[in-house]
>>> print(open('work.txt').read())   # compact mmCIF, C-alpha atoms
# COMPACT_ATOMS: atom_id res chain seq x y z
CA MET A 1 127.25 183.10 64.22
CA LYS A 2 130.75 181.76 63.71
CA ALA A 3 131.04 177.99 63.30
CA ASP A 4 134.11 175.78 63.55
CA PRO A 5 136.33 176.59 60.56
CA LEU A 6 136.06 174.37 57.50
CA PRO A 7 139.50 172.81 56.93
CA ILE A 8 140.42 174.85 53.86
CA GLU A 9 144.06 174.67 52.79
CA GLY A 10 144.04 177.74 50.57
CA ILE A 11 142.92 179.17 47.25
CA ASP A 12 143.59 176.59 44.54
CA TYR A 13 142.79 178.86 41.57
CA VAL A 14 140.61 181.79 40.57
CA GLU A 15 138.55 181.29 37.40
CA VAL A 16 137.67 184.32 35.29
CA TYR A 17 135.05 183.98 32.58
CA VAL A 18 136.04 186.09 29.58
CA GLY A 19 134.81 186.78 26.08
CA ASN A 20 138.03 185.56 24.44
CA ALA A 21 140.31 183.36 26.55
CA LYS A 22 143.07 183.28 23.93
CA GLN A 23 143.35 187.06 23.85
CA ALA A 24 142.92 187.38 27.62
CA SER A 25 145.75 184.91 28.21
CA TYR A 26 148.02 187.05 26.05
CA PHE A 27 147.10 190.15 28.08
CA TYR A 28 147.87 188.49 31.42
CA GLN A 29 151.04 186.92 30.02
CA LYS A 30 152.51 190.04 28.42
CA GLY A 31 151.04 192.59 30.81
CA PHE A 32 151.35 190.88 34.19
CA GLY A 33 153.95 188.17 33.59
CA PHE A 34 151.75 185.11 34.10
CA ALA A 35 153.03 181.95 32.41
CA PRO A 36 150.57 179.85 30.38
CA VAL A 37 150.95 176.33 31.79
CA ALA A 38 147.88 174.33 30.71
CA TYR A 39 145.14 174.36 28.09
CA SER A 40 141.73 172.74 27.72
CA GLY A 41 139.51 172.88 24.65
CA PRO A 42 138.38 171.01 21.53
CA GLU A 43 141.88 169.57 21.04
CA THR A 44 141.66 167.93 24.48
CA GLY A 45 138.12 166.63 24.06
CA VAL A 46 136.26 169.62 25.54
CA LYS A 47 133.91 170.85 22.80
CA ASP A 48 131.98 173.75 24.34
CA LYS A 49 134.63 175.89 26.08
CA THR A 50 138.33 176.72 26.17
CA SER A 51 140.48 177.40 29.23
CA TYR A 52 144.02 178.67 29.70
CA LEU A 53 145.68 178.15 33.08
CA MET A 54 148.05 181.01 33.89
CA GLN A 55 150.48 180.88 36.80
CA GLN A 56 152.92 183.18 38.57
CA GLY A 57 154.37 182.20 41.92
CA ASP A 58 151.63 180.28 43.74
CA MET A 59 148.79 182.18 42.05
CA ARG A 60 146.79 180.34 39.40
CA LEU A 61 144.41 182.22 37.13
CA LEU A 62 142.08 180.12 34.96
CA LEU A 63 140.74 182.04 31.95
CA THR A 64 137.69 180.40 30.37
CA SER A 65 135.50 181.24 27.35
CA ALA A 66 132.44 179.59 25.86
CA LEU A 67 132.58 178.23 22.30
CA VAL A 68 128.81 178.12 21.80
CA PRO A 69 126.38 181.02 22.27
CA ASP A 70 123.89 179.28 24.57
CA HIS A 71 126.54 178.17 27.08
CA PRO A 72 126.21 179.36 30.72
CA ILE A 73 129.65 180.98 30.41
CA ALA A 74 128.46 182.98 27.39
CA ARG A 75 125.41 184.12 29.36
CA PHE A 76 127.65 185.11 32.30
CA VAL A 77 129.88 187.23 30.05
CA LEU A 78 126.88 188.77 28.27
CA THR A 79 125.44 189.85 31.62
CA HIS A 80 128.54 190.68 33.66
CA GLY A 81 131.33 191.17 31.16
CA ASP A 82 134.67 189.53 32.01
CA GLY A 83 134.66 188.66 35.69
CA VAL A 84 135.53 186.21 38.44
CA ALA A 85 133.19 183.23 38.37
CA ASP A 86 134.89 180.78 40.74
CA ILE A 87 137.14 181.14 43.78
CA ALA A 88 138.27 177.52 44.08
CA LEU A 89 139.37 176.29 47.50
CA ARG A 90 141.66 173.35 48.17
CA VAL A 91 140.49 170.84 50.79
CA LYS A 92 141.58 167.43 52.08
CA ASP A 93 138.16 165.75 51.84
CA VAL A 94 135.68 166.97 49.22
CA GLU A 95 132.79 164.74 50.30
CA TRP A 96 132.97 165.76 53.95
CA THR A 97 133.46 169.46 53.15
CA TYR A 98 130.51 169.54 50.75
CA LYS A 99 128.22 167.70 53.15
CA GLU A 100 129.23 169.97 56.03
CA ALA A 101 128.89 173.19 54.02
CA VAL A 102 125.38 172.24 52.84
CA LYS A 103 124.41 171.23 56.38
CA ARG A 104 125.48 174.70 57.54
CA GLY A 105 123.25 176.39 54.97
CA ALA A 106 125.25 176.60 51.72
CA LYS A 107 123.46 175.90 48.45
CA GLY A 108 125.11 173.01 46.63
CA ILE A 109 125.28 173.43 42.86
CA ARG A 110 127.57 170.53 41.91
CA ASP A 111 127.70 167.30 43.88
CA PRO A 112 131.10 165.71 44.54
CA THR A 113 132.46 164.14 41.36
CA VAL A 114 135.65 162.29 40.45
CA LEU A 115 137.69 163.22 37.36
CA LYS A 116 140.28 160.70 36.16
CA ASP A 117 143.01 160.34 33.58
CA ASN A 118 146.39 158.60 33.34
CA SER A 119 147.83 161.02 35.92
CA GLY A 120 145.43 159.96 38.66
CA TYR A 121 142.20 161.49 39.87
CA LEU A 122 140.88 164.55 41.59
CA LYS A 123 137.58 165.30 43.27
CA GLY A 124 135.51 168.46 43.05
CA CYS A 125 132.17 169.97 43.99
CA ALA A 126 130.75 173.49 44.18
CA ILE A 127 128.53 175.74 46.27
CA SER A 128 127.05 179.11 45.35
CA ALA A 129 128.17 182.42 46.86
CA TYR A 130 127.14 186.05 46.20
CA GLY A 131 125.69 186.83 42.76
CA ASP A 132 126.81 184.31 40.14
CA THR A 133 130.06 183.57 42.00
CA VAL A 134 130.76 180.00 43.13
CA HIS A 135 133.26 178.22 45.33
CA THR A 136 134.61 174.96 43.96
CA PHE A 137 136.06 172.66 46.61
CA ILE A 138 138.88 170.63 45.10
CA GLU A 139 140.84 167.66 46.42
CA ARG A 140 143.94 166.91 44.37
CA ASP A 141 146.19 164.76 46.58
CA GLN A 142 145.90 161.84 44.15
CA TYR A 143 146.47 163.83 40.98
CA ARG A 144 149.91 164.25 39.38
CA GLY A 145 148.93 165.89 36.10
CA VAL A 146 149.48 169.46 34.97
CA PHE A 147 146.18 170.77 36.42
CA ALA A 148 143.12 168.58 35.86
CA PRO A 149 141.84 165.89 33.48
CA GLY A 150 141.02 167.48 30.13
CA PHE A 151 144.06 169.80 30.30
CA ILE A 152 147.36 169.45 28.48
CA PRO A 153 150.59 171.25 29.36
CA ILE A 154 151.55 174.25 27.24
CA LYS A 155 154.64 176.39 27.27
CA GLY A 156 154.80 180.10 26.71
CA LYS A 157 157.53 182.57 27.42
CA ALA A 158 156.81 184.49 30.60
CA ASP A 159 158.60 187.42 32.16
CA PRO A 160 157.37 187.39 35.78
CA VAL A 161 157.13 190.61 37.79
CA GLY A 162 157.23 189.09 41.28
CA LEU A 163 153.55 188.31 41.89
CA GLN A 164 153.35 185.49 44.43
CA LYS A 165 149.87 184.57 45.67
CA VAL A 166 146.35 185.82 46.26
CA ASP A 167 146.38 187.86 49.48
CA HIS A 168 142.62 188.47 49.65
CA VAL A 169 139.51 188.62 47.44
CA VAL A 170 137.13 191.58 47.81
CA ALA A 171 133.42 191.31 46.98
CA ASN A 172 130.86 194.01 46.27
CA VAL A 173 127.29 193.10 47.26
CA GLU A 174 124.00 194.99 47.08
CA GLU A 175 123.01 197.58 49.68
CA GLY A 176 121.69 195.88 52.79
CA LYS A 177 123.24 192.50 51.89
CA MET A 178 126.69 192.83 53.47
CA GLU A 179 125.63 191.54 56.88
CA TYR A 180 123.93 188.54 55.23
CA TRP A 181 127.13 187.52 53.47
CA VAL A 182 129.30 188.17 56.52
CA GLU A 183 127.00 185.81 58.42
CA PHE A 184 127.11 183.30 55.54
CA TYR A 185 130.90 183.08 55.65
CA GLY A 186 130.83 182.90 59.43
CA LYS A 187 128.19 180.17 59.55
CA VAL A 188 129.27 178.08 56.55
CA PHE A 189 133.05 178.55 56.55
CA GLY A 190 133.68 179.48 60.17
CA PHE A 191 135.41 182.71 59.12
CA SER A 192 135.88 185.53 61.62
CA GLN A 193 134.84 189.10 60.85
CA LEU A 194 138.03 191.13 60.78
CA ILE A 195 139.14 194.63 59.96
CA SER A 196 142.62 193.15 59.75
CA PHE A 197 143.44 189.48 59.41
CA ASP A 198 145.07 186.80 61.50
CA GLY A 199 147.49 185.27 59.00
CA SER A 200 144.92 182.74 57.78
CA THR A 201 145.19 181.57 54.19
CA VAL A 202 141.77 182.74 52.95
CA LYS A 203 140.42 186.27 53.41
CA PHE A 204 137.24 187.65 51.81
CA PRO A 205 136.47 191.31 52.64
CA ILE A 206 132.94 192.36 51.62
CA ASN A 207 131.68 195.84 50.63
CA GLU A 208 128.21 197.28 50.13
CA PRO A 209 127.27 200.72 48.77
CA ALA A 210 126.55 203.50 51.23
CA PRO A 211 123.36 205.49 50.63
CA GLY A 212 123.98 209.06 49.53
CA ARG A 213 123.30 211.71 46.93
CA ARG A 214 126.23 210.63 44.78
CA LYS A 215 126.65 207.19 43.29
CA SER A 216 129.32 205.31 45.23
CA GLN A 217 132.06 203.45 43.39
CA ILE A 218 130.58 200.23 44.80
CA GLN A 219 127.17 201.05 43.32
CA GLU A 220 128.83 201.85 39.99
CA TYR A 221 130.39 198.38 40.05
CA LEU A 222 127.02 196.77 40.82
CA ASP A 223 125.36 198.70 37.98
CA TYR A 224 127.95 197.65 35.39
CA PHE A 225 128.43 194.09 36.65
CA LYS A 226 124.65 193.68 36.97
CA GLY A 227 124.80 192.34 40.50
CA ALA A 228 127.15 191.23 43.24
CA GLY A 229 130.58 189.92 42.35
CA VAL A 230 134.32 190.07 42.92
CA GLN A 231 135.50 193.68 42.87
CA HIS A 232 139.22 192.95 43.03
CA LEU A 233 141.91 190.39 43.65
CA ALA A 234 144.73 191.47 45.97
CA ILE A 235 148.02 189.86 44.96
CA ALA A 236 151.08 189.73 47.20
CA THR A 237 154.63 190.58 46.13
CA ASP A 238 157.92 190.82 48.03
CA ASP A 239 159.09 193.96 46.19
CA LEU A 240 156.24 196.24 45.21
CA VAL A 241 158.50 199.01 43.93
CA SER A 242 160.13 196.62 41.44
CA THR A 243 156.80 194.99 40.51
CA VAL A 244 155.06 198.29 39.79
CA SER A 245 158.06 199.64 37.86
CA HIS A 246 157.96 196.62 35.54
CA LEU A 247 154.19 196.76 35.12
CA GLN A 248 154.19 200.46 34.28
CA GLN A 249 156.85 199.83 31.63
CA ARG A 250 154.46 197.28 30.08
CA GLY A 251 151.61 199.76 29.96
CA ILE A 252 149.58 198.56 32.95
CA GLU A 253 147.60 201.53 34.27
CA PHE A 254 147.19 202.31 37.96
CA LEU A 255 144.92 204.64 39.89
CA ASN A 256 146.50 208.03 40.50
CA THR A 257 147.40 209.22 43.99
CA PRO A 258 147.64 213.01 44.49
CA ASP A 259 150.98 214.58 45.41
CA SER A 260 149.47 215.82 48.67
CA TYR A 261 149.20 212.21 49.91
CA TYR A 262 152.99 212.08 50.25
CA ASP A 263 153.24 215.28 52.32
CA GLY A 264 154.10 214.19 55.83
CA LEU A 265 154.04 210.50 54.91
CA THR A 266 157.18 209.77 56.94
CA LYS A 267 155.42 211.16 60.03
CA ARG A 268 152.35 209.00 59.44
CA VAL A 269 154.38 205.89 58.63
CA SER A 270 157.84 205.94 60.18
CA GLY A 271 160.63 203.42 59.74
CA MET A 272 160.11 202.64 56.05
CA SER A 273 163.04 201.17 54.12
CA GLU A 274 161.67 202.49 50.81
CA LYS A 275 162.47 205.97 49.52
CA ILE A 276 159.59 208.43 49.53
CA GLU A 277 160.67 209.61 46.06
CA ASP A 278 160.22 206.09 44.65
CA LEU A 279 156.79 205.68 46.25
CA LYS A 280 155.66 209.09 44.99
CA LYS A 281 156.95 208.46 41.48
CA LEU A 282 155.07 205.15 41.28
CA ARG A 283 152.00 206.39 43.24
CA ILE A 284 152.30 203.62 45.84
CA LEU A 285 150.22 203.91 49.04
CA VAL A 286 151.53 203.08 52.53
CA ASP A 287 149.76 202.17 55.77
CA ARG A 288 150.88 201.09 59.23
CA ASP A 289 149.36 199.12 62.07
CA GLU A 290 150.75 197.94 65.40
CA LYS A 291 152.57 195.03 63.73
CA GLY A 292 154.32 196.81 60.87
CA TYR A 293 153.54 198.53 57.60
CA MET A 294 152.34 197.67 54.13
CA LEU A 295 152.61 199.03 50.60
CA GLN A 296 149.71 198.82 48.15
CA ILE A 297 148.54 200.07 44.78
CA PHE A 298 145.45 199.50 42.64
CA THR A 299 145.21 199.00 38.89
CA LYS A 300 142.55 200.61 36.79
CA PRO A 301 139.82 198.16 35.65
CA LEU A 302 141.22 195.27 33.62
CA GLN A 303 138.42 195.39 31.02
CA ASP A 304 136.16 198.03 29.47
CA ARG A 305 133.49 197.77 32.14
CA PRO A 306 134.67 199.48 35.38
CA THR A 307 134.44 196.25 37.37
CA LEU A 308 137.30 193.83 38.14
CA PHE A 309 140.73 195.24 39.03
CA PHE A 310 143.88 194.10 40.86
CA GLU A 311 145.40 195.33 44.08
CA LEU A 312 149.12 194.69 44.51
CA ILE A 313 150.32 194.49 48.09
CA GLN A 314 153.57 194.06 50.00
CA ARG A 315 153.27 193.32 53.70
CA LYS A 316 156.09 194.26 56.03
CA GLY A 317 154.53 192.95 59.21
CA SER A 318 151.20 194.73 58.78
CA GLU A 319 148.07 192.60 58.94
CA SER A 320 145.57 195.29 57.95
CA PHE A 321 143.78 195.88 54.66
CA GLY A 322 145.11 199.44 54.38
CA LYS A 323 142.22 201.18 56.14
CA GLY A 324 144.40 204.29 56.47
CA ASN A 325 144.34 204.52 52.66
CA PHE A 326 140.59 204.10 52.14
CA LYS A 327 140.05 207.85 51.76
CA ALA A 328 142.83 208.20 49.16
CA LEU A 329 141.62 205.11 47.31
CA PHE A 330 137.99 206.24 47.19
CA GLU A 331 139.02 209.70 45.96
CA SER A 332 141.13 208.14 43.19
CA ILE A 333 138.27 205.87 42.12
CA GLU A 334 135.83 208.79 42.18
CA GLN A 335 138.13 210.74 39.85
CA GLU A 336 137.78 207.88 37.36
CA GLN A 337 134.01 207.76 37.97
CA ALA A 338 133.75 211.46 37.20
CA LYS A 339 135.52 210.90 33.86
CA ARG A 340 132.82 208.31 33.04
CA GLY A 341 130.05 210.72 34.11
CA ASN A 342 128.87 208.40 36.86
CA LEU A 343 129.14 210.51 40.02
>>> encode(input="work.txt", output="structure tokens")
Amino acid sequence: MKADPLPIEGIDYVEVYVGNAKQASYFYQKGFGFAPVAYSGPETGVKDKTSYLMQQGDMRLLLTSALVPDHPIARFVLTHGDGVADIALRVKDVEWTYKEAVKRGAKGIRDPTVLKDNSGYLKGCAISAYGDTVHTFIERDQYRGVFAPGFIPIKGKADPVGLQKVDHVVANVEEGKMEYWVEFYGKVFGFSQLISFDGSTVKFPINEPAPGRRKSQIQEYLDYFKGAGVQHLAIATDDLVSTVSHLQQRGIEFLNTPDSYYDGLTKRVSGMSEKIEDLKKLRILVDRDEKGYMLQIFTKPLQDRPTLFFELIQRKGSESFGKGNFKALFESIEQEQAKRGNL
């Protein structure tokens, strides 16, 4: 059942727990063009973990590692590998949002708290989602600091590639659990179930494995991640051809698309301003709906476990999630699965 929407202003940041935040920050800086803008750790009074805040456009990626072996972050990484732990959502009123979410059935895991320093204060709380993923609700209208108390500004040279914001966040959940989580987001957040989206600021598609003789790529994710979690972050850009060109020059690897995909592409998707030769060279996918078209491409996994990856997307009117490309995407992922011996 869909409830009245919670007044969520957007995704504030996405926190990824990693084994080594210092090295991960270098990867996202040099590989993807994120700028390091803030740091938290022993030097700032935080003794048990370190965090690097990376930013490009309006997208903020918080990379966090434990400094002690019995820390919950260390246990997360031991179980899941590097992965998304928190999709933080910006709200106007933390207390009201938390109370309302819990009333609607969410499990609260951190009551509303106030964090202060000389730059003001911010409020935060958290509820649990699928697997070990959480949603922090954050209210920062009264905070003027770099990110949050306990963080100091840092400067690092960044060479951005045109990434702008999180377009959507895709989850993989266990077989038979998809409907539960669709209902959860409808009941708690007031989200609508969509094949495409309505221009809202927060979109969370959810997958579950399909039963069959062969292991699906979703089941492979669940096996390696050891449970439900974020499969990929879709990041918007205004010029996907330029973005992908720069990323490939830096060694970022993308899923392959067969040459046959581009046969007859202009008939399937007419009126494109991009050259077919450029799309084919870069292995970019295209899809169209009644409102326009979109370009998209998917990286290979960003760590050794075949779990978290990025989707890069450019919307030219289209409001779909590229359902016309699902077959090509699944075939590309299965090629990688076969290499790992997991089909």
>>> residues_around(input="work.txt", residues="region 55-58 of chain A", least_positions_apart="3", cutoff="8 Å", atoms="all atoms listed in the file", output="NGL selection string")
:A and (33-37 or 61 or 160 or 162-165)
>>> closest_atom_pairs(input="work.txt", of="region 166-285 of chain A", to="region 19-28 of chain A", cutoff="12 Å", atoms="all atoms listed in the file", output="tab-separated table")
residue	atom	partner	partner_atom	distance
A:Leu247	CA	A:Tyr28	CA	11.0
A:Arg250	CA	A:Phe27	CA	10.4
A:Gly251	CA	A:Phe27	CA	10.8
A:Ile252	CA	A:Phe27	CA	10.0
>>> residues_around(input="work.txt", residues="Leu63 (chain A)", least_positions_apart="3", cutoff="6 Å", atoms="all atoms listed in the file", output="MDAnalysis selection string")
chainID A and resid 15:16 21 51:52
>>> write_last_selection(input="work.txt", atoms="C-alpha atoms", output="compact mmCIF listing (two decimals), keeping the file's coordinate frame")
# COMPACT_ATOMS: atom_id res chain seq x y z
CA GLU A 15 138.55 181.29 37.40
CA VAL A 16 137.67 184.32 35.29
CA ALA A 21 140.31 183.36 26.55
CA SER A 51 140.48 177.40 29.23
CA TYR A 52 144.02 178.67 29.70
>>> closest_residue(input="work.txt", among="A:Val102, A:Met178, A:Val173, A:Ala66", to="Gly41 (chain A)", atoms="all atoms listed in the file")
A:Ala66
>>> residues_near_point(input="work.txt", point="(154.1, 196.2, 60.1)", cutoff="12 Å", atoms="only C-alpha atoms", output="number ranges by chain")
A: 196, 269-273, 286-295, 314-322
>>> residues_around(input="work.txt", residues="region 180-191 of chain A", least_positions_apart="6", cutoff="10 Å", atoms="only C-alpha atoms", output="list in words")
Met1, Lys2, Ala3, Asp4, Pro5, Leu6, Pro7, Ile8, Thr97, Glu100, Ala101, Val102, Lys103, Arg104, Gly105, Ala106, Ala129, Tyr130, Ala171, Val173, Ser200, Val202, Lys203, Phe204, Pro205, Ile206 and Asn207 of chain A
>>> closest_residue(input="work.txt", among="A:Ala210, A:Asp70, A:Thr113, A:Met54", to="Val146 (chain A)", atoms="only C-alpha atoms")
A:Met54
>>> closest_atom_pairs(input="work.txt", of="region 14-79 of chain A", to="region 225-233 of chain A", cutoff="12 Å", atoms="all atoms listed in the file", output="Markdown table")
| residue | atom | partner | partner_atom | distance |
| --- | --- | --- | --- | --- |
| A:Val14 | CA | A:Leu233 | CA | 9.2 |
| A:Glu15 | CA | A:Val230 | CA | 11.2 |
| A:Val16 | CA | A:Val230 | CA | 10.1 |
| A:Met59 | CA | A:Leu233 | CA | 10.8 |
| A:Arg60 | CA | A:Leu233 | CA | 12.0 |
| A:Leu61 | CA | A:Leu233 | CA | 10.7 |
| A:Phe76 | CA | A:Phe225 | CA | 10.0 |
| A:Val77 | CA | A:Phe225 | CA | 9.6 |
| A:Leu78 | CA | A:Phe225 | CA | 10.0 |
| A:Thr79 | CA | A:Lys226 | CA | 6.6 |
>>> write_last_selection(input="work.txt", atoms="C-alpha atoms", output="PDB file, keeping the file's coordinate frame")
ATOM      1  CA  VAL A  14     140.610 181.790  40.570  1.00  0.00           C
ATOM      2  CA  GLU A  15     138.550 181.290  37.400  1.00  0.00           C
ATOM      3  CA  VAL A  16     137.670 184.320  35.290  1.00  0.00           C
ATOM      4  CA  MET A  59     148.790 182.180  42.050  1.00  0.00           C
ATOM      5  CA  ARG A  60     146.790 180.340  39.400  1.00  0.00           C
ATOM      6  CA  LEU A  61     144.410 182.220  37.130  1.00  0.00           C
ATOM      7  CA  PHE A  76     127.650 185.110  32.300  1.00  0.00           C
ATOM      8  CA  VAL A  77     129.880 187.230  30.050  1.00  0.00           C
ATOM      9  CA  LEU A  78     126.880 188.770  28.270  1.00  0.00           C
ATOM     10  CA  THR A  79     125.440 189.850  31.620  1.00  0.00           C
TER      11      THR A  79
END
>>> atom_distance(input="work.txt", atom1="CA of Thr64 (chain A)", atom2="CA of Val18 (chain A)")
6.0 Å
>>> residues_around(input="work.txt", residues="Val134 (chain A)", least_positions_apart="4", cutoff="10 Å", atoms="all atoms listed in the file", output="PyMOL selection string")
chain A and resi 15+84-88+107-109+126-130+229
>>> closest_residue(input="work.txt", among="A:Ile218, A:Val114, A:Ile11, A:Ala158", to="Tyr143 (chain A)", atoms="only C-alpha atoms")
A:Val114
>>> atom_distance(input="work.txt", atom1="CA of Gly145 (chain A)", atom2="CA of Ser40 (chain A)")
13.0 Å
>>> atom_distance(input="work.txt", atom1="CA of Val94 (chain A)", atom2="CA of Gly10 (chain A)")
13.7 Å
